[in-house]
>>> print(open('structure-v7.txt').read())   # compact mmCIF, C-alpha atoms
# COMPACT_ATOMS: atom_id res chain seq x y z
CA MET A 1 -75.41 -78.03 25.93
CA THR A 2 -74.88 -80.31 23.00
CA PRO A 3 -77.29 -82.47 20.98
CA THR A 4 -75.67 -85.50 22.62
CA TYR A 5 -76.62 -84.15 26.05
CA PHE A 6 -80.27 -83.88 25.03
CA GLN A 7 -80.21 -87.34 23.46
CA GLU A 8 -78.86 -88.83 26.69
CA LEU A 9 -81.45 -86.94 28.72
CA TYR A 10 -84.24 -88.17 26.45
CA ASP A 11 -82.96 -91.76 26.59
CA PHE A 12 -82.80 -91.67 30.40
CA ASN A 13 -86.27 -90.15 30.62
CA TYR A 14 -87.67 -92.81 28.26
CA TRP A 15 -86.04 -95.62 30.25
CA ASN A 16 -87.23 -94.27 33.59
CA ASN A 17 -90.76 -93.56 32.38
CA HIS A 18 -91.01 -97.14 31.14
CA ARG A 19 -90.20 -98.36 34.65
CA VAL A 20 -92.81 -96.05 36.18
CA TRP A 21 -95.51 -97.14 33.71
CA GLU A 22 -94.79 -100.81 34.48
CA CYS A 23 -95.45 -100.11 38.17
CA LEU A 24 -98.57 -98.08 37.46
CA LEU A 25 -100.05 -100.89 35.37
CA THR A 26 -100.13 -103.12 38.46
CA LEU A 27 -102.43 -100.72 40.35
CA SER A 28 -106.20 -100.93 40.51
CA ASP A 29 -108.52 -98.23 39.18
CA GLU A 30 -109.26 -97.24 42.78
CA GLN A 31 -105.57 -96.83 43.59
CA MET A 32 -105.04 -94.74 40.47
CA THR A 33 -107.89 -92.35 41.27
CA GLN A 34 -107.46 -91.80 45.02
CA ALA A 35 -105.82 -88.61 46.26
CA VAL A 36 -102.09 -88.83 46.98
CA ASP A 37 -100.94 -87.63 50.43
CA GLU A 38 -102.09 -84.07 51.14
CA SER A 39 -102.61 -83.36 47.44
CA ASP A 40 -105.96 -83.36 45.72
CA TRP A 41 -104.27 -84.97 42.75
CA SER A 42 -104.52 -88.69 42.09
CA LEU A 43 -101.82 -90.77 40.42
CA LEU A 44 -103.91 -90.59 37.26
CA THR A 45 -103.91 -86.78 37.40
CA HIS A 46 -100.15 -86.79 37.95
CA CYS A 47 -99.73 -89.05 34.90
CA PHE A 48 -101.76 -86.68 32.71
CA HIS A 49 -99.69 -83.78 34.00
CA ILE A 50 -96.40 -85.55 33.19
CA ILE A 51 -97.61 -86.45 29.69
CA GLY A 52 -98.68 -82.85 29.08
CA VAL A 53 -95.38 -81.40 30.28
CA GLU A 54 -93.39 -83.82 28.13
CA GLU A 55 -95.47 -82.86 25.10
CA TRP A 56 -94.85 -79.19 25.91
CA TRP A 57 -91.07 -79.72 26.12
CA VAL A 58 -90.96 -81.53 22.79
CA ARG A 59 -92.85 -78.67 21.14
CA PHE A 60 -90.67 -76.07 22.91
CA LEU A 61 -87.42 -77.72 21.80
CA TYR A 62 -88.70 -78.14 18.25
CA ARG A 63 -89.55 -74.42 18.02
CA LYS A 64 -86.15 -73.45 19.45
CA ARG A 65 -84.48 -75.51 16.74
CA SER A 66 -86.37 -73.71 13.97
>>> encode(input="structure-v7.txt", output="structure tokens")
Amino acid sequence: MTPTYFQELYDFNYWNNHRVWECLLTLSDEQMTQAVDESDWSLLTHCFHIIGVEEWWVRFLYRKRS
């Protein structure tokens, strides 16, 4: 894997996340906090999870570089 590969992956992730956030901003508070399907997680919980995982990956990749 090259640095270019990771840059392209980051750019795609940024672009796609922007699209998801635009959709989420149209939802009501009730829609954001209700459970999704069979899961106990709400969309809001999923968003916090995604943000946390992305933060973890950034820290992981930074440590690998050092």
>>> residues_around(input="structure-v7.txt", residues="Cys47 (chain A)", least_positions_apart="5", cutoff="12 Å", atoms="all atoms listed in the file", output="PyMOL selection string")
chain A and resi 17+20-21+24-25+32-33+41-42+52-54
>>> atom_distance(input="structure-v7.txt", atom1="CA of His49 (chain A)", atom2="CA of Ala35 (chain A)")
14.5 Å
>>> residues_around(input="structure-v7.txt", residues="region 1-13 of chain A", least_positions_apart="5", cutoff="10 Å", atoms="only C-alpha atoms", output="mmCIF file with C-alpha atoms, keeping the file's coordinate frame")
data_model
loop_
_atom_site.group_PDB
_atom_site.id
_atom_site.type_symbol
_atom_site.label_atom_id
_atom_site.label_comp_id
_atom_site.auth_asym_id
_atom_site.auth_seq_id
_atom_site.Cartn_x
_atom_site.Cartn_y
_atom_site.Cartn_z
ATOM 1 C CA HIS A 18 -91.010 -97.140 31.140
ATOM 2 C CA ARG A 19 -90.200 -98.360 34.650
ATOM 3 C CA GLU A 54 -93.390 -83.820 28.130
ATOM 4 C CA LEU A 61 -87.420 -77.720 21.800
#
>>> atom_distance(input="structure-v7.txt", atom1="CA of Thr45 (chain A)", atom2="CA of Glu30 (chain A)")
12.9 Å
>>> atom_distance(input="structure-v7.txt", atom1="CA of Asp40 (chain A)", atom2="CA of Asn16 (chain A)")
24.8 Å
>>> closest_residue(input="structure-v7.txt", among="A:Ile50, A:Trp56, A:Leu44, A:Trp15", to="Gln31 (chain A)", atoms="only C-alpha atoms")
A:Leu44
>>> closest_residue(input="structure-v7.txt", among="A:Phe48, A:Tyr14, A:Arg59, A:Leu43", to="Leu27 (chain A)", atoms="all atoms listed in the file")
A:Leu43
>>> axis_aligned_box(input="structure-v7.txt", around="region 23-37 of chain A", padding_each_side="4 Å", output="AutoDock Vina command-line options")
--center_x -102.4 --center_y -95.4 --center_z 42.9 --size_x 21.8 --size_y 23.5 --size_z 23.1
